[in-house]
>>> print(open('model21.pdb').read())   # PDB, C-alpha atoms
ATOM      1  CA  MET A   1     109.604  81.501  94.827
ATOM      2  CA  SER A   2     109.205  84.389  92.408
ATOM      3  CA  GLU A   3     111.979  86.831  91.592
ATOM      4  CA  VAL A   4     111.544  90.345  93.001
ATOM      5  CA  LEU A   5     112.710  93.227  90.835
ATOM      6  CA  LEU A   6     113.031  96.724  92.264
ATOM      7  CA  VAL A   7     112.692  99.467  89.669
ATOM      8  CA  GLY A   8     113.570 103.032  90.624
ATOM      9  CA  VAL A   9     111.461 105.672  88.898
ATOM     10  CA  ASP A  10     111.685 109.449  88.760
ATOM     11  CA  GLY A  11     109.112 110.457  86.159
ATOM     12  CA  SER A  12     111.625 110.585  83.301
ATOM     13  CA  PRO A  13     111.174 108.752  80.001
ATOM     14  CA  SER A  14     114.172 106.552  80.824
ATOM     15  CA  SER A  15     112.605 105.463  84.120
ATOM     16  CA  ALA A  16     109.438 104.518  82.217
ATOM     17  CA  ARG A  17     111.632 102.402  79.921
ATOM     18  CA  ALA A  18     113.254 100.853  83.003
ATOM     19  CA  ALA A  19     109.788  99.879  84.263
ATOM     20  CA  GLU A  20     108.968  98.291  80.892
ATOM     21  CA  PHE A  21     112.277  96.393  81.016
ATOM     22  CA  ALA A  22     111.368  95.153  84.514
ATOM     23  CA  ALA A  23     107.927  94.093  83.263
ATOM     24  CA  ALA A  24     109.449  92.064  80.442
ATOM     25  CA  ARG A  25     111.851  90.386  82.854
ATOM     26  CA  ALA A  26     109.092  89.678  85.420
ATOM     27  CA  THR A  27     106.900  88.188  82.703
ATOM     28  CA  ALA A  28     109.771  86.003  81.490
ATOM     29  CA  ALA A  29     110.345  84.852  85.083
ATOM     30  CA  GLU A  30     106.708  83.659  85.237
ATOM     31  CA  GLY A  31     105.503  85.108  88.490
ATOM     32  CA  GLY A  32     108.104  87.791  89.020
ATOM     33  CA  HIS A  33     107.119  90.652  91.275
ATOM     34  CA  ILE A  34     108.012  94.297  90.621
ATOM     35  CA  VAL A  35     108.462  96.903  93.347
ATOM     36  CA  VAL A  36     108.133 100.372  91.813
ATOM     37  CA  ALA A  37     110.172 102.716  94.024
ATOM     38  CA  HIS A  38     110.637 106.463  94.099
ATOM     39  CA  VAL A  39     113.055 108.263  96.390
ATOM     40  CA  ILE A  40     112.504 111.885  97.321
ATOM     41  CA  ASP A  41     116.003 113.261  97.660
ATOM     42  CA  TRP A  42     116.434 114.469 101.201
ATOM     43  CA  SER A  43     119.477 115.036 103.339
ATOM     44  CA  PRO A  44     119.494 115.383 107.117
ATOM     45  CA  PHE A  45     122.253 117.927 106.608
ATOM     46  CA  SER A  46     120.134 120.426 104.672
ATOM     47  CA  PRO A  47     119.689 123.697 106.579
ATOM     48  CA  THR A  48     116.254 124.183 108.134
ATOM     49  CA  THR A  49     114.639 126.707 110.407
ATOM     50  CA  ALA A  50     112.698 125.914 113.574
ATOM     51  CA  GLU A  51     109.499 126.631 111.645
ATOM     52  CA  ASP A  52     110.562 124.185 108.891
ATOM     53  CA  ASN A  53     111.153 121.504 111.511
ATOM     54  CA  GLU A  54     107.675 122.011 112.975
ATOM     55  CA  ARG A  55     106.033 121.508 109.564
ATOM     56  CA  ARG A  56     108.389 118.818 108.266
ATOM     57  CA  HIS A  57     106.219 115.784 109.099
ATOM     58  CA  VAL A  58     103.242 117.286 107.221
ATOM     59  CA  THR A  59     105.402 118.372 104.296
ATOM     60  CA  ARG A  60     107.048 114.947 104.073
ATOM     61  CA  GLN A  61     103.674 113.196 103.847
ATOM     62  CA  GLN A  62     102.483 115.668 101.196
ATOM     63  CA  GLU A  63     105.643 114.986  99.168
ATOM     64  CA  ILE A  64     105.087 111.230  99.447
ATOM     65  CA  ASP A  65     101.422 111.528  98.406
ATOM     66  CA  LYS A  66     102.330 113.738  95.428
ATOM     67  CA  ALA A  67     105.106 111.393  94.268
ATOM     68  CA  GLN A  68     102.799 108.400  94.658
ATOM     69  CA  SER A  69     100.037 109.956  92.545
ATOM     70  CA  GLU A  70     102.105 111.790  89.924
ATOM     71  CA  ILE A  71     105.148 109.556  89.404
ATOM     72  CA  VAL A  72     104.497 106.060  90.730
ATOM     73  CA  ALA A  73     100.769 105.477  90.057
ATOM     74  CA  PRO A  74     100.902 106.031  86.270
ATOM     75  CA  ILE A  75     103.690 103.455  85.928
ATOM     76  CA  VAL A  76     101.927 100.988  88.222
ATOM     77  CA  ASP A  77      98.724 101.354  86.171
ATOM     78  CA  ARG A  78     100.620 100.526  82.957
ATOM     79  CA  LEU A  79     102.369  97.544  84.507
ATOM     80  CA  GLN A  80      99.194  96.139  86.070
ATOM     81  CA  THR A  81      97.346  96.547  82.772
ATOM     82  CA  GLY A  82     100.060  94.325  81.301
ATOM     83  CA  GLY A  83      99.373  91.707  83.970
ATOM     84  CA  CYS A  84     102.359  92.319  86.261
ATOM     85  CA  ASP A  85     102.305  91.782  90.016
ATOM     86  CA  VAL A  86     103.326  95.190  91.391
ATOM     87  CA  SER A  87     103.790  96.925  94.725
ATOM     88  CA  THR A  88     105.182 100.372  95.523
ATOM     89  CA  ALA A  89     107.525 102.193  97.863
ATOM     90  CA  VAL A  90     108.042 105.943  98.199
ATOM     91  CA  ARG A  91     110.647 107.158 100.671
ATOM     92  CA  HIS A  92     112.744 110.170 101.566
ATOM     93  CA  GLY A  93     116.512 109.817 101.651
ATOM     94  CA  HIS A  94     119.706 109.619  99.662
ATOM     95  CA  PRO A  95     118.541 108.030  96.383
ATOM     96  CA  ALA A  96     121.256 105.397  95.919
ATOM     97  CA  GLN A  97     121.367 104.232  99.531
ATOM     98  CA  THR A  98     117.584 104.280  99.888
ATOM     99  CA  LEU A  99     117.135 102.161  96.747
ATOM    100  CA  VAL A 100     119.694  99.657  98.069
ATOM    101  CA  ASP A 101     117.869  99.603 101.419
ATOM    102  CA  LEU A 102     114.505  99.073  99.691
ATOM    103  CA  ALA A 103     115.968  96.253  97.614
ATOM    104  CA  ALA A 104     117.116  94.553 100.829
ATOM    105  CA  GLU A 105     113.730  95.119 102.523
ATOM    106  CA  HIS A 106     111.908  93.498  99.613
ATOM    107  CA  ASP A 107     114.534  90.783  99.095
ATOM    108  CA  ALA A 108     114.982  91.978  95.509
ATOM    109  CA  ALA A 109     117.221  89.975  93.210
ATOM    110  CA  HIS A 110     117.780  92.814  90.739
ATOM    111  CA  LEU A 111     117.688  96.619  90.782
ATOM    112  CA  ILE A 112     116.662  98.423  87.587
ATOM    113  CA  ILE A 113     116.862 102.157  86.932
ATOM    114  CA  GLY A 114     116.752 104.505  83.993
ATOM    115  CA  ARG A 115     119.639 106.655  82.928
ATOM    116  CA  THR A 116     118.253 110.111  83.663
ATOM    117  CA  GLY A 117     119.162 113.443  82.124
ATOM    118  CA  GLU A 118     121.042 115.000  85.011
ATOM    119  CA  SER A 119     123.173 117.953  84.076
ATOM    120  CA  LEU A 120     126.727 117.035  83.153
ATOM    121  CA  LEU A 121     128.082 119.490  85.732
ATOM    122  CA  LYS A 122     125.973 118.018  88.556
ATOM    123  CA  ALA A 123     126.974 114.475  87.605
ATOM    124  CA  ARG A 124     130.668 115.425  87.525
ATOM    125  CA  ILE A 125     130.539 117.127  90.911
ATOM    126  CA  PHE A 126     128.249 114.775  92.828
ATOM    127  CA  GLY A 127     128.282 111.626  90.716
ATOM    128  CA  SER A 128     125.278 110.116  89.011
ATOM    129  CA  LEU A 129     122.726 107.820  90.620
ATOM    130  CA  PRO A 130     123.554 104.921  88.272
ATOM    131  CA  MET A 131     127.260 105.238  89.063
ATOM    132  CA  SER A 132     126.567 105.311  92.806
ATOM    133  CA  LEU A 133     124.256 102.289  92.639
ATOM    134  CA  VAL A 134     126.727 100.223  90.642
ATOM    135  CA  GLN A 135     129.354 100.927  93.303
ATOM    136  CA  ILE A 136     127.278 100.213  96.438
ATOM    137  CA  SER A 137     124.620  97.692  95.411
ATOM    138  CA  PRO A 138     125.111  94.111  96.582
ATOM    139  CA  ILE A 139     122.742  92.901  93.840
ATOM    140  CA  PRO A 140     122.898  93.315  90.047
ATOM    141  CA  VAL A 141     121.978  96.753  88.707
ATOM    142  CA  THR A 142     120.671  97.327  85.197
ATOM    143  CA  VAL A 143     120.754 100.873  83.796
ATOM    144  CA  VAL A 144     118.245 101.358  80.982
ATOM    145  CA  PRO A 145     118.888 104.173  78.472
TER     146      PRO A 145
END
>>> encode(input="model21.pdb", output="structure tokens")
Amino acid sequence: MSEVLLVGVDGSPSSARAAEFAAARATAAEGGHIVVAHVIDWSPFSPTTAEDNERRHVTRQQEIDKAQSEIVAPIVDRLQTGGCDVSTAVRHGHPAQTLVDLAAEHDAAHLIIGRTGESLLKARIFGSLPMSLVQISPIPVTVVP
């Protein structure tokens, strides 16, 4: 059975490096599969109006389509050109928890993400995605600079 690697991407240069790291590992595993995942940060606790709620299902699908074409597809194209077996997942949710959930859904053995350039203030107040993943993930997490 091949090893499944879940790589979280956000369009940053470090997430592109994380995808390349995953490709090298999948190639070394001879038959490894990569799931390229993007999470659109969304909280059920964000304030919305009645009008927002009426349009939310359309807006959510537009956000997924945009993320798929602008963030995920370019990485998938590069990985497939290199001969990797790749699938994708784009979801709304809390990034760390959603990536852990996706890893479980795909029976991933390893979660790989890039170290992104969040503002220092935001990371100090809310914590960074890598830090959150390392704390909650039941599988190994690699953070690629």
>>> resolve_selection(input="model21.pdb", expression="the PyMOL selection byres ((chain A and resi 68-70) around 10)", output="list of chain:residue names")
A:Asp10, A:Gly11, A:Ala37, A:His38, A:Gln62, A:Glu63, A:Ile64, A:Asp65, A:Lys66, A:Ala67, A:Ile71, A:Val72, A:Ala73, A:Pro74, A:Ile75, A:Val76, A:Thr88, A:Ala89, A:Val90, A:Arg91
>>> write_last_selection(input="model21.pdb", atoms="C-alpha atoms", output="PDB file, in the coordinates of the input")
ATOM      1  CA  ASP A  10     111.685 109.449  88.760  1.00  0.00           C
ATOM      2  CA  GLY A  11     109.112 110.457  86.159  1.00  0.00           C
ATOM      3  CA  ALA A  37     110.172 102.716  94.024  1.00  0.00           C
ATOM      4  CA  HIS A  38     110.637 106.463  94.099  1.00  0.00           C
ATOM      5  CA  GLN A  62     102.483 115.668 101.196  1.00  0.00           C
ATOM      6  CA  GLU A  63     105.643 114.986  99.168  1.00  0.00           C
ATOM      7  CA  ILE A  64     105.087 111.230  99.447  1.00  0.00           C
ATOM      8  CA  ASP A  65     101.422 111.528  98.406  1.00  0.00           C
ATOM      9  CA  LYS A  66     102.330 113.738  95.428  1.00  0.00           C
ATOM     10  CA  ALA A  67     105.106 111.393  94.268  1.00  0.00           C
ATOM     11  CA  ILE A  71     105.148 109.556  89.404  1.00  0.00           C
ATOM     12  CA  VAL A  72     104.497 106.060  90.730  1.00  0.00           C
ATOM     13  CA  ALA A  73     100.769 105.477  90.057  1.00  0.00           C
ATOM     14  CA  PRO A  74     100.902 106.031  86.270  1.00  0.00           C
ATOM     15  CA  ILE A  75     103.690 103.455  85.928  1.00  0.00           C
ATOM     16  CA  VAL A  76     101.927 100.988  88.222  1.00  0.00           C
ATOM     17  CA  THR A  88     105.182 100.372  95.523  1.00  0.00           C
ATOM     18  CA  ALA A  89     107.525 102.193  97.863  1.00  0.00           C
ATOM     19  CA  VAL A  90     108.042 105.943  98.199  1.00  0.00           C
ATOM     20  CA  ARG A  91     110.647 107.158 100.671  1.00  0.00           C
TER      21      ARG A  91
END
>>> resolve_selection(input="model21.pdb", expression="the PyMOL selection byres ((chain A and resi 129) around 9)", output="list in words")
Pro95, Ala96, Ile113, Arg115, Thr116, Ala123, Gly127, Ser128, Pro130, Met131, Ser132, Leu133 and Val134 of chain A
>>> closest_residue(input="model21.pdb", among="A:His92, A:Gly82, A:Leu102, A:Gly32", to="His57 in chain A", atoms="only C-alpha atoms")
A:His92
>>> residues_around(input="model21.pdb", residues="Gly93 in chain A", least_positions_apart="2", cutoff="6 Å", atoms="only C-alpha atoms", output="list in words")
Asp41, Trp42, Pro95 and Thr98 of chain A
>>> resolve_selection(input="model21.pdb", expression="the PyMOL selection byres ((chain A and resi 34) around 6)", output="number ranges by chain")
A: 4-6, 33, 35, 86
>>> atom_distance(input="model21.pdb", atom1="CA of His106 in chain A", atom2="CA of Pro13 in chain A")
24.9 Å
>>> atom_distance(input="model21.pdb", atom1="CA of Pro140 in chain A", atom2="CA of Leu111 in chain A")
6.2 Å
>>> closest_residue(input="model21.pdb", among="A:Ala108, A:Val100, A:Val39, A:Ala28", to="Arg60 in chain A", atoms="only C-alpha atoms")
A:Val39
>>> residues_around(input="model21.pdb", residues="Phe21 in chain A", least_positions_apart="3", cutoff="12 Å", atoms="all atoms listed in the file", output="number ranges by chain")
A: 5-8, 14-18, 24-28, 34, 79, 84, 110-114, 142-145
>>> atom_distance(input="model21.pdb", atom1="CA of Ala109 in chain A", atom2="CA of Val141 in chain A")
9.4 Å
>>> closest_residue(input="model21.pdb", among="A:Gly83, A:Val36, A:Arg78, A:Gln135", to="Ala103 in chain A", atoms="all atoms listed in the file")
A:Val36
